[in-house]
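Here's the structure we're looking at; comments come further down.
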Amino acid sequence: MSTLTLEASAPALLDARPWPARVAAGWDQLWLLVRWQLLRSKESLPLLVLVQLLLAVSTVIGYGLVVGDPGPIGGLYLATGAPTVTLVMVGLVMTPQAVAQARTEGSLDWMRTLPVPRGLFLVADLLVWTAIALPGMVVGLLVGAWRFDVDLSPTWWIVPGALVVSLTAAAVGYAVATLLAPTLAQLVSQVFVFLIMLFSPVCFPADRLAPWAQHLHQWLPFQPMAEVMRAGLAPHAFTLPARSVVVLLVWCVLAVAGAAAALRRRA
Amino acid sequence: MDEVLRVEGLHKRFGRGPGAVAANAGIDLTVGAGQVVGLLGHNGAGKSTLVNQVVGLLRPDAGRITLAGIDAVARPDLARRLASVQAQANVPITGLTPLRAVELVGLIRGGRPDAVRARAAALIDALDLGEWASTPAEKVSGGVARLAAFAMALVVPGRLVVLDEPTNDVDPVRRRLLWNQIRALADEGAGVLLVTHNVREAERVVDHLAILDHGVVLAADTPAALTAARGGELTLEVDLLPDRTPTWPSALTVVDRGRLRATAVVTQARAADVVGWASDELAAGRIERYALTPTSLEDAYVDLVEPAADDDATAGPAHQTTHITTEKTTDEESAA
């Protein structure tokens with residue numbers, strides 16, 4: 001017992017640790033946090049994955065019903081839109097709901113008393129939520145390719161691209177959940193659902209929107225997110241404008257900084 | 001003695017304008033290595049606000065918090081390494097078992113895997129939780145969950161261990177085991193800040209007590225010194241019989257008289273006389289029962305906070321001491 005007390009306690013020891021040791025400790029903590037979160041939600045995990053699967057598949061099939069025969073380009077929009085919707089929904093809708101619940105039940109405050117760098121909470125949650133979104137993303141993609149008979153040729157950078165999309169969405173969701181009161185955060189996340197599903201140029205081209213909405217979407221992250229996924233999955237049909245990359249990266253940096261600040265905040 | 005925690009002039013207000021609440025209004029407090037310091041105070045006295053500032057969940061408006069020589073306000077990240085906390089609210093661990101939760105927290109706090117496993121098993125054993133160690137948390141009682149949260153704070157303890165109401169929901173047998181662990185922890189060299197309402201039991205393990213009321217420390221001393229203020233008085237409790245009136249001796253000051261219960265203050269010198277009188281009354285069938293008890297820490301605590309807590313229905317102090325405390329505190333106030 002005494003060895004434990006001393007080991008965990010001496011500040012001199014802690015501060016004197018070299019950088020590699022600190023990074024290694026950070027990795028260990030990250031996986032431990034991921035384990036903690038996965039075990040804590042293991043009962044609801046299969047259900048969450050299933051919901052994501054249904055969401056992705058119904059985005060493909062449902063939009064197909066609405067638009068009829070979409071044609072090759074329309075089909076590509078729908079097939080690439082489904083995984084984008086899944087990723088963004090997890091970040092913007094499920095993350096705030098989970099964080100709001102953790103705040104209400106008191107686990108967030110308790111976790112914050114642990115000696116863990118604040119950013120690791122964000123990264124651990126992000127990994128868990130991305131893992132939950134992954135099956136839906138892949139299945140949505142396959143169903144879309146089959147349903148609309150389109151050719152997809154994913155590029156290597158779709159993986160980092162999808163991670164940036166996922167990170168940005170989750171960080172915005174995190175910031176919403178920590179800055180707003182839990183009930184309000186849940187409401188805002190509901191608003192995100194129809195805002196993304198119906199009024200963001202994810203599953204359809206931006207020129208179908210009113211000019212003012214098109215202009216707005218040039219500054220919001222949803223269109224760039226969709227463009228990254230589209231160009232990454234079907235590079236023969238879509239290009240990724242440099243402006244979109246910049247807009248998305250700026251959102252990513254701001255959202256992660258905002259979420260990290262929200263986690264560090266001391267009232 | 002090494003100082004683990006030093007709190008100086010701590011101020012924290014919530015809200016603005018006339019509706020603002022001064023949760024901490026200038027708190028001074030120290031906890032030494034190997035010392036258990038009890039923090040007593042009724043609901044809303046500012047205990048949890050103080051705790052949350054120590055571990056960097058709240059930022060003080062003014063004042064200093066030094067944790068093992070480190071400025072905890074400037075470096076909350078280091079403060080969290082130096083302090084481990086059992087929060088007042090239960091830690092939700094659904095999906096985990098008590099043993100798994102304790103082990104994971106030990107690893108997250110940076111303990112070596114083999115040491116954490118051994119320590120977690122030892123704590124589960126010492127708290128007699130073996131029966132539930134591998135039961136999913138959603139199936140264990142509130143008391144077991146509370147003990148699991150206690151073990152999470154102790155598995156890789158900080159130099160300071162903060163325990164906020166650790167005995168809530170815990171059965172009497174395991175409460176004793178818990179107190180033993182707290183004492184053992186301090187004997188190993190940790191400083192323990194113990195927030196509790198359970199004054200009677202805490203009396204046995206605390207070395208030092210701070211009584212908090214309306215955001216300030218009303219008194220801070222050893223339990224013996226705090227009770228000594230009542231000058232060796234004893235309390236006589238008498239259970240009365242319906243329709244019978246005992247013949248009270250003239251020297252006895254009855255401080256509270258209910259329908260079936262009376263309480264009186266007795267000086268040490270008159271204790272033998274009073275016991276003789278009470279035995280006679282009992283033999284004559286004019287009272288049902290009597291008990292003579294020393295002044296407890298709880299009495300001293302109620303003495304100190306009673307006037308301030310009058311309007312606080314949740315404070316719930318023992319009502320029989322109302323009259324004594326009012327007199328005493330008035331004296332103290334005029335002396336001050």
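In the structure tokens, the first chain shown is A, the next is B, and so on; residue numbers restart at 1 for each chain, and ligands run from 1 in the order shown.
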Shell around region 174-180 of chain A at 10 Å using only C-alpha atoms, local window under 4 positions removed, as an NGL selection string | :A and (91-101 or 103 or 108 or 122 or 125-126 or 168-170 or 184-186 or 188-189 or 255-263 or 265)
Let me see the file: selected residues, N, CA, C and O atoms, as a compact mmCIF listing (two decimals), in the first residue's frame.
```txt
# COMPACT_ATOMS: atom_id res chain seq x y z
N GLY A 91 -21.59 12.60 -34.49
CA GLY A 91 -20.89 13.71 -33.84
C GLY A 91 -21.82 14.77 -33.31
O GLY A 91 -21.69 15.22 -32.18
N LEU A 92 -22.77 15.17 -34.13
CA LEU A 92 -23.57 16.34 -33.77
C LEU A 92 -24.81 15.99 -32.96
O LEU A 92 -25.38 16.85 -32.30
N VAL A 93 -25.27 14.76 -33.07
CA VAL A 93 -26.52 14.40 -32.38
C VAL A 93 -26.25 13.46 -31.21
O VAL A 93 -26.65 13.73 -30.08
N MET A 94 -25.53 12.36 -31.48
CA MET A 94 -25.37 11.38 -30.40
C MET A 94 -24.36 11.85 -29.37
O MET A 94 -24.54 11.59 -28.18
N THR A 95 -23.28 12.50 -29.81
CA THR A 95 -22.30 12.98 -28.83
C THR A 95 -22.92 13.96 -27.83
O THR A 95 -22.78 13.76 -26.63
N PRO A 96 -23.63 15.02 -28.30
CA PRO A 96 -24.23 15.91 -27.30
C PRO A 96 -25.21 15.18 -26.38
O PRO A 96 -25.28 15.49 -25.20
N GLN A 97 -25.95 14.21 -26.93
CA GLN A 97 -26.91 13.51 -26.08
C GLN A 97 -26.18 12.69 -25.01
O GLN A 97 -26.58 12.66 -23.85
N ALA A 98 -25.09 12.04 -25.42
CA ALA A 98 -24.34 11.23 -24.45
C ALA A 98 -23.67 12.11 -23.40
O ALA A 98 -23.69 11.80 -22.21
N VAL A 99 -23.10 13.24 -23.85
CA VAL A 99 -22.43 14.13 -22.91
C VAL A 99 -23.45 14.77 -21.96
O VAL A 99 -23.21 14.87 -20.75
N ALA A 100 -24.61 15.15 -22.50
CA ALA A 100 -25.65 15.74 -21.66
C ALA A 100 -26.09 14.73 -20.60
O ALA A 100 -26.30 15.08 -19.44
N GLN A 101 -26.18 13.47 -21.00
CA GLN A 101 -26.58 12.43 -20.05
C GLN A 101 -25.49 12.25 -18.97
O GLN A 101 -25.80 12.13 -17.79
N ARG A 103 -23.47 14.46 -17.95
CA ARG A 103 -23.52 15.61 -17.05
C ARG A 103 -24.64 15.46 -16.05
O ARG A 103 -24.49 15.73 -14.86
N LEU A 108 -19.64 12.95 -15.59
CA LEU A 108 -18.68 13.84 -16.25
C LEU A 108 -17.84 14.59 -15.22
O LEU A 108 -16.62 14.65 -15.33
N LEU A 122 -11.91 13.94 -24.84
CA LEU A 122 -12.49 14.21 -26.15
C LEU A 122 -12.07 13.13 -27.15
O LEU A 122 -12.91 12.58 -27.86
N ASP A 125 -13.75 9.72 -26.37
CA ASP A 125 -15.15 9.72 -26.80
C ASP A 125 -15.25 9.64 -28.31
O ASP A 125 -16.07 8.92 -28.87
N LEU A 126 -14.37 10.40 -28.98
CA LEU A 126 -14.40 10.43 -30.43
C LEU A 126 -14.14 9.05 -31.02
O LEU A 126 -14.84 8.61 -31.94
N THR A 168 -14.46 16.88 -36.37
CA THR A 168 -15.09 18.20 -36.36
C THR A 168 -16.52 18.10 -35.84
O THR A 168 -16.93 18.89 -34.97
N ALA A 169 -17.27 17.12 -36.36
CA ALA A 169 -18.66 16.99 -35.94
C ALA A 169 -18.75 16.70 -34.44
O ALA A 169 -19.53 17.32 -33.71
N ALA A 170 -17.90 15.77 -33.96
CA ALA A 170 -17.95 15.41 -32.54
C ALA A 170 -17.52 16.57 -31.66
O ALA A 170 -18.08 16.79 -30.59
N LEU A 184 -31.26 21.88 -23.03
CA LEU A 184 -31.15 22.71 -24.22
C LEU A 184 -30.24 22.04 -25.27
O LEU A 184 -30.54 22.04 -26.47
N ALA A 185 -29.17 21.41 -24.77
CA ALA A 185 -28.23 20.71 -25.66
C ALA A 185 -28.96 19.59 -26.41
O ALA A 185 -28.75 19.39 -27.61
N GLN A 186 -29.84 18.87 -25.69
CA GLN A 186 -30.59 17.78 -26.33
C GLN A 186 -31.49 18.33 -27.44
O GLN A 186 -31.60 17.77 -28.52
N VAL A 188 -31.11 21.25 -29.13
CA VAL A 188 -30.30 21.74 -30.24
C VAL A 188 -29.86 20.57 -31.13
O VAL A 188 -29.87 20.66 -32.35
N SER A 189 -29.50 19.45 -30.47
CA SER A 189 -29.06 18.30 -31.26
C SER A 189 -30.20 17.76 -32.13
O SER A 189 -29.97 17.26 -33.23
N ALA A 255 -13.43 23.99 -33.43
CA ALA A 255 -14.32 23.12 -32.66
C ALA A 255 -13.54 22.34 -31.61
O ALA A 255 -13.96 22.21 -30.46
N VAL A 256 -12.35 21.82 -32.01
CA VAL A 256 -11.55 21.06 -31.04
C VAL A 256 -11.07 21.98 -29.93
O VAL A 256 -11.12 21.63 -28.74
N ALA A 257 -10.62 23.20 -30.31
CA ALA A 257 -10.17 24.15 -29.29
C ALA A 257 -11.33 24.50 -28.36
O ALA A 257 -11.17 24.59 -27.14
N GLY A 258 -12.52 24.70 -28.96
CA GLY A 258 -13.72 25.04 -28.15
C GLY A 258 -14.08 23.91 -27.20
O GLY A 258 -14.34 24.15 -26.02
N ALA A 259 -14.05 22.68 -27.72
CA ALA A 259 -14.40 21.54 -26.87
C ALA A 259 -13.37 21.36 -25.76
O ALA A 259 -13.72 21.09 -24.60
N ALA A 260 -12.08 21.53 -26.11
CA ALA A 260 -11.03 21.39 -25.10
C ALA A 260 -11.17 22.48 -24.05
O ALA A 260 -11.02 22.23 -22.85
N ALA A 261 -11.49 23.71 -24.49
CA ALA A 261 -11.68 24.81 -23.54
C ALA A 261 -12.88 24.52 -22.64
O ALA A 261 -12.85 24.77 -21.44
N ALA A 262 -13.94 23.97 -23.25
CA ALA A 262 -15.14 23.66 -22.46
C ALA A 262 -14.81 22.60 -21.40
O ALA A 262 -15.31 22.67 -20.28
N LEU A 263 -13.95 21.64 -21.76
CA LEU A 263 -13.58 20.60 -20.79
C LEU A 263 -12.68 21.14 -19.69
O LEU A 263 -12.70 20.67 -18.57
N ARG A 265 -12.77 24.22 -18.64
CA ARG A 265 -13.40 25.36 -17.99
C ARG A 265 -13.64 25.10 -16.50
O ARG A 265 -14.10 24.05 -16.10
```
Chain B contacts to chain A at 8 Å (only C-alpha atoms) as a VMD selection string | chain B and resid 55 to 59 77 to 78 80 to 82 84 to 85 87 89 to 96 104 107 to 111 115 119 156 to 159 188 190
Within region 24-264 of chain A, find each residue whose DSSP state, derived from the backbone, is alpha helix (DSSP H), and express the selection as a count of residues only.
-> 187
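Closest approach to Arg230 (chain A) from the set A:Leu152, A:Leu209, A:Leu65, A:Cys252 is made by A:Leu152, with distances taken over only C-alpha atoms.
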Ala122 (chain B) surroundings by only C-alpha atoms, 12 Å radius, close-in-sequence under 4 positions cut, as a list in words |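 After dropping sequence-adjacent residues, the list is Met1 of chain A; Leu99, Val102, Glu103, Ala115, Val116, Arg117, Ala118, Ala126, Leu127, Asp128, Leu129, Gly130, Ala133, Ala151, Leu154, Val155 and Gln181 of chain B.
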Using only N, CA and C atoms, please write the residues we just selected to a file, as a short mmCIF file (atom, residue, chain, number, x, y, z; two decimals), in the first residue's frame.
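The resulting file, out-v7.cif, is shown below:
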```cif
data_model
loop_
_atom_site.label_atom_id
_atom_site.label_comp_id
_atom_site.auth_asym_id
_atom_site.auth_seq_id
_atom_site.Cartn_x
_atom_site.Cartn_y
_atom_site.Cartn_z
N MET A 1 0.82 -1.20 0.00
CA MET A 1 0.00 0.00 0.00
C MET A 1 0.86 1.26 0.00
N LEU B 99 -15.22 -4.44 -8.84
CA LEU B 99 -13.79 -4.74 -8.92
C LEU B 99 -13.16 -4.14 -10.18
N VAL B 102 -12.82 -0.36 -9.91
CA VAL B 102 -11.72 0.05 -9.02
C VAL B 102 -10.38 -0.15 -9.73
N GLU B 103 -10.24 -1.28 -10.41
CA GLU B 103 -8.97 -1.56 -11.12
C GLU B 103 -8.73 -0.54 -12.23
N ALA B 115 0.40 -3.92 -9.07
CA ALA B 115 0.14 -3.26 -7.80
C ALA B 115 -1.34 -2.88 -7.68
N VAL B 116 -1.92 -2.41 -8.79
CA VAL B 116 -3.33 -2.01 -8.79
C VAL B 116 -4.22 -3.22 -8.51
N ARG B 117 -3.90 -4.34 -9.19
CA ARG B 117 -4.72 -5.54 -8.98
C ARG B 117 -4.69 -5.97 -7.52
N ALA B 118 -3.48 -5.97 -6.95
CA ALA B 118 -3.34 -6.40 -5.56
C ALA B 118 -4.09 -5.45 -4.62
N ALA B 126 -11.07 -5.82 2.35
CA ALA B 126 -11.13 -5.06 3.60
C ALA B 126 -12.52 -4.45 3.82
N LEU B 127 -13.24 -4.16 2.73
CA LEU B 127 -14.57 -3.56 2.86
C LEU B 127 -15.66 -4.64 2.81
N ASP B 128 -15.23 -5.90 2.78
CA ASP B 128 -16.15 -7.04 2.75
C ASP B 128 -17.12 -6.95 1.56
N LEU B 129 -16.55 -6.67 0.39
CA LEU B 129 -17.37 -6.52 -0.82
C LEU B 129 -17.23 -7.73 -1.75
N GLY B 130 -16.50 -8.76 -1.29
CA GLY B 130 -16.21 -9.91 -2.13
C GLY B 130 -17.43 -10.48 -2.83
N ALA B 133 -18.10 -8.30 -5.81
CA ALA B 133 -16.95 -7.79 -6.58
C ALA B 133 -17.16 -7.97 -8.08
N ALA B 151 -13.54 2.90 -2.69
CA ALA B 151 -12.35 2.14 -3.08
C ALA B 151 -11.67 2.76 -4.30
N LEU B 154 -9.35 5.30 -3.20
CA LEU B 154 -8.23 4.82 -2.40
C LEU B 154 -7.28 3.89 -3.14
N VAL B 155 -7.68 3.44 -4.34
CA VAL B 155 -6.88 2.39 -4.99
C VAL B 155 -5.48 2.88 -5.34
N GLN B 181 -10.36 1.82 7.15
CA GLN B 181 -9.55 2.10 5.96
C GLN B 181 -9.12 3.55 5.92
#
```
For CA of Gly19 (chain B) and CA of Tyr301 (chain B), quote the distance in Å rounded to one decimal.
->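 Interatomic distance here is 28.5 Å.
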Find the distance between CA of Asp207 (chain B) and CA of Ala220 (chain B) and write it in Å to one decimal.
->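 For CA of Asp207 (chain B) relative to CA of Ala220 (chain B), the distance reads 10.8 Å.
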Nearby residues (only C-alpha atoms) at most 6 Å from region 233-241 of chain B, same-chain spacing under 2 positions excluded, as a ChimeraX atom specification = /B:230-231,244,260-267,287-295
Selection from above, all heavy atoms, as a compact mmCIF listing (two decimals), in the first residue's frame, can you write it?
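Contents of selection.txt, freshly written:
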```txt
# COMPACT_ATOMS: atom_id res chain seq x y z
N ARG B 230 -17.57 22.70 26.43
CA ARG B 230 -18.79 22.55 27.23
C ARG B 230 -18.48 22.14 28.66
O ARG B 230 -19.39 21.74 29.39
CB ARG B 230 -19.73 21.56 26.55
CG ARG B 230 -20.30 22.19 25.29
CD ARG B 230 -21.38 21.39 24.66
NE ARG B 230 -22.48 21.10 25.56
CZ ARG B 230 -23.72 20.85 25.14
NH1 ARG B 230 -23.98 20.89 23.86
NH2 ARG B 230 -24.66 20.56 25.98
N GLY B 231 -17.22 22.23 29.04
CA GLY B 231 -16.82 22.10 30.44
C GLY B 231 -17.28 20.83 31.14
O GLY B 231 -17.75 20.87 32.26
N ARG B 244 -47.94 10.77 34.19
CA ARG B 244 -47.11 10.76 35.41
C ARG B 244 -46.16 11.94 35.34
O ARG B 244 -45.57 12.21 34.30
CB ARG B 244 -46.27 9.49 35.51
CG ARG B 244 -47.06 8.21 35.71
CD ARG B 244 -47.69 8.22 37.10
NE ARG B 244 -48.43 7.00 37.33
CZ ARG B 244 -47.90 5.93 37.92
NH1 ARG B 244 -46.66 5.93 38.29
NH2 ARG B 244 -48.64 4.86 38.11
N LEU B 260 -43.21 13.13 26.10
CA LEU B 260 -42.73 11.87 26.67
C LEU B 260 -41.21 11.83 26.82
O LEU B 260 -40.62 10.79 27.05
CB LEU B 260 -43.18 10.69 25.80
CG LEU B 260 -44.68 10.39 25.82
CD1 LEU B 260 -45.03 9.31 24.82
CD2 LEU B 260 -45.14 9.97 27.22
N ARG B 261 -40.54 12.97 26.63
CA ARG B 261 -39.07 12.98 26.69
C ARG B 261 -38.62 14.31 27.27
O ARG B 261 -39.12 15.37 26.86
CB ARG B 261 -38.52 12.78 25.27
CG ARG B 261 -37.05 13.11 25.05
CD ARG B 261 -36.10 12.09 25.65
NE ARG B 261 -36.17 10.77 25.05
CZ ARG B 261 -35.35 10.34 24.07
NH1 ARG B 261 -34.45 11.15 23.58
NH2 ARG B 261 -35.45 9.11 23.60
N ALA B 262 -37.72 14.25 28.22
CA ALA B 262 -37.14 15.49 28.76
C ALA B 262 -35.63 15.37 28.72
O ALA B 262 -35.08 14.27 28.85
CB ALA B 262 -37.62 15.71 30.19
N THR B 263 -34.96 16.50 28.51
CA THR B 263 -33.51 16.50 28.49
C THR B 263 -33.00 17.57 29.45
O THR B 263 -33.55 18.68 29.49
CB THR B 263 -33.00 16.82 27.07
OG1 THR B 263 -33.67 15.96 26.16
CG2 THR B 263 -31.51 16.62 26.96
N ALA B 264 -31.98 17.22 30.21
CA ALA B 264 -31.44 18.17 31.18
C ALA B 264 -29.93 18.17 31.11
O ALA B 264 -29.32 17.19 30.69
CB ALA B 264 -31.90 17.78 32.58
N VAL B 265 -29.35 19.30 31.52
CA VAL B 265 -27.89 19.39 31.57
C VAL B 265 -27.45 19.15 33.01
O VAL B 265 -28.04 19.68 33.94
CB VAL B 265 -27.44 20.79 31.10
CG1 VAL B 265 -25.93 20.93 31.27
CG2 VAL B 265 -27.82 21.00 29.67
N VAL B 266 -26.43 18.32 33.16
CA VAL B 266 -25.96 17.94 34.49
C VAL B 266 -24.46 18.21 34.58
O VAL B 266 -23.73 17.85 33.66
CB VAL B 266 -26.22 16.43 34.73
CG1 VAL B 266 -25.74 16.02 36.12
CG2 VAL B 266 -27.67 16.09 34.53
N THR B 267 -24.00 18.83 35.64
CA THR B 267 -22.56 19.00 35.80
C THR B 267 -21.97 17.70 36.34
O THR B 267 -22.67 16.91 36.97
CB THR B 267 -22.24 20.15 36.79
OG1 THR B 267 -22.88 19.84 38.03
CG2 THR B 267 -22.75 21.48 36.27
N ILE B 287 -40.95 7.41 35.94
CA ILE B 287 -40.33 7.58 34.62
C ILE B 287 -40.15 6.20 33.99
O ILE B 287 -40.17 5.19 34.71
CB ILE B 287 -38.97 8.32 34.67
CG1 ILE B 287 -37.94 7.51 35.48
CG2 ILE B 287 -39.13 9.73 35.21
CD1 ILE B 287 -36.54 8.09 35.44
N GLU B 288 -39.97 6.19 32.65
CA GLU B 288 -39.85 4.88 32.00
C GLU B 288 -38.39 4.45 31.85
O GLU B 288 -38.07 3.27 31.91
CB GLU B 288 -40.51 4.95 30.62
CG GLU B 288 -40.64 3.58 29.98
CD GLU B 288 -41.31 3.65 28.62
OE1 GLU B 288 -42.15 4.55 28.41
OE2 GLU B 288 -40.99 2.79 27.78
N ARG B 289 -37.50 5.44 31.63
CA ARG B 289 -36.11 5.12 31.34
C ARG B 289 -35.29 6.38 31.52
O ARG B 289 -35.82 7.50 31.37
CB ARG B 289 -36.00 4.67 29.87
CG ARG B 289 -34.66 4.15 29.42
CD ARG B 289 -34.61 4.05 27.89
NE ARG B 289 -34.51 5.40 27.29
CZ ARG B 289 -33.35 5.96 26.91
NH1 ARG B 289 -32.22 5.31 27.02
NH2 ARG B 289 -33.33 7.18 26.40
N TYR B 290 -34.01 6.24 31.82
CA TYR B 290 -33.14 7.42 31.81
C TYR B 290 -31.77 7.04 31.29
O TYR B 290 -31.40 5.87 31.29
CB TYR B 290 -33.02 8.05 33.20
CG TYR B 290 -32.19 7.23 34.17
CD1 TYR B 290 -30.82 7.46 34.29
CD2 TYR B 290 -32.76 6.24 34.92
CE1 TYR B 290 -30.04 6.70 35.15
CE2 TYR B 290 -32.00 5.47 35.79
CZ TYR B 290 -30.64 5.70 35.90
OH TYR B 290 -29.88 4.93 36.73
N ALA B 291 -31.05 8.02 30.79
CA ALA B 291 -29.68 7.77 30.31
C ALA B 291 -28.84 9.02 30.56
O ALA B 291 -29.31 10.14 30.33
CB ALA B 291 -29.70 7.44 28.83
N LEU B 292 -27.64 8.80 31.06
CA LEU B 292 -26.72 9.91 31.30
C LEU B 292 -25.55 9.75 30.33
O LEU B 292 -24.86 8.73 30.34
CB LEU B 292 -26.22 9.86 32.75
CG LEU B 292 -25.51 11.11 33.26
CD1 LEU B 292 -26.46 12.29 33.34
CD2 LEU B 292 -24.93 10.83 34.65
N THR B 293 -25.34 10.72 29.46
CA THR B 293 -24.29 10.57 28.43
C THR B 293 -23.34 11.77 28.45
O THR B 293 -23.75 12.88 28.81
CB THR B 293 -24.90 10.48 27.02
OG1 THR B 293 -25.70 11.65 26.83
CG2 THR B 293 -25.74 9.24 26.84
N PRO B 294 -22.07 11.54 28.08
CA PRO B 294 -21.16 12.69 27.99
C PRO B 294 -21.54 13.57 26.80
O PRO B 294 -22.16 13.11 25.85
CB PRO B 294 -19.80 12.04 27.77
CG PRO B 294 -20.10 10.71 27.19
CD PRO B 294 -21.43 10.29 27.72
N THR B 295 -21.14 14.83 26.88
CA THR B 295 -21.38 15.73 25.77
C THR B 295 -20.61 15.23 24.56
O THR B 295 -19.43 14.95 24.64
CB THR B 295 -20.88 17.14 26.11
OG1 THR B 295 -21.57 17.54 27.28
CG2 THR B 295 -21.15 18.10 24.99
```
Between A:Val57, A:Leu167, A:Val139, A:Val90, single out the one closest to Phe192 (chain A), counting only C-alpha atoms.
->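 Ranking A:Val57, A:Leu167, A:Val139, A:Val90 by distance to Phe192 (chain A), first place goes to A:Val90.
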Hey, what's within 12 Å of region 235-238 of chain A if we count only C-alpha atoms and toss same-chain stuff fewer than 4 positions away? As a compact mmCIF listing (two decimals) with C-alpha atoms, in the first residue's frame, please?
```txt
# COMPACT_ATOMS: atom_id res chain seq x y z
CA PRO A 72 -25.78 8.38 -62.21
CA ILE A 73 -24.70 11.66 -60.60
CA GLY A 74 -27.74 11.81 -58.33
CA GLY A 75 -27.02 8.21 -57.35
CA LEU A 76 -23.44 9.12 -56.43
CA TYR A 77 -24.70 12.01 -54.28
CA THR A 80 -21.74 9.11 -50.74
CA VAL A 150 -22.65 3.42 -59.05
CA ASP A 151 -18.89 2.86 -59.11
CA LEU A 152 -16.95 3.99 -56.08
CA SER A 153 -13.17 4.10 -56.08
CA PRO A 154 -12.08 5.25 -52.61
CA THR A 155 -8.78 7.14 -52.41
CA TRP A 156 -6.22 6.63 -49.66
CA TRP A 157 -7.06 9.92 -48.02
CA ILE A 158 -10.69 9.03 -47.40
CA PRO A 205 -26.05 19.48 -55.07
CA ALA A 226 -19.90 16.17 -47.77
CA GLU A 227 -17.38 17.29 -50.41
CA VAL A 228 -14.50 15.53 -48.62
CA MET A 229 -16.50 12.29 -48.50
CA ARG A 230 -17.71 12.61 -52.10
CA ALA A 231 -14.33 13.38 -53.63
```
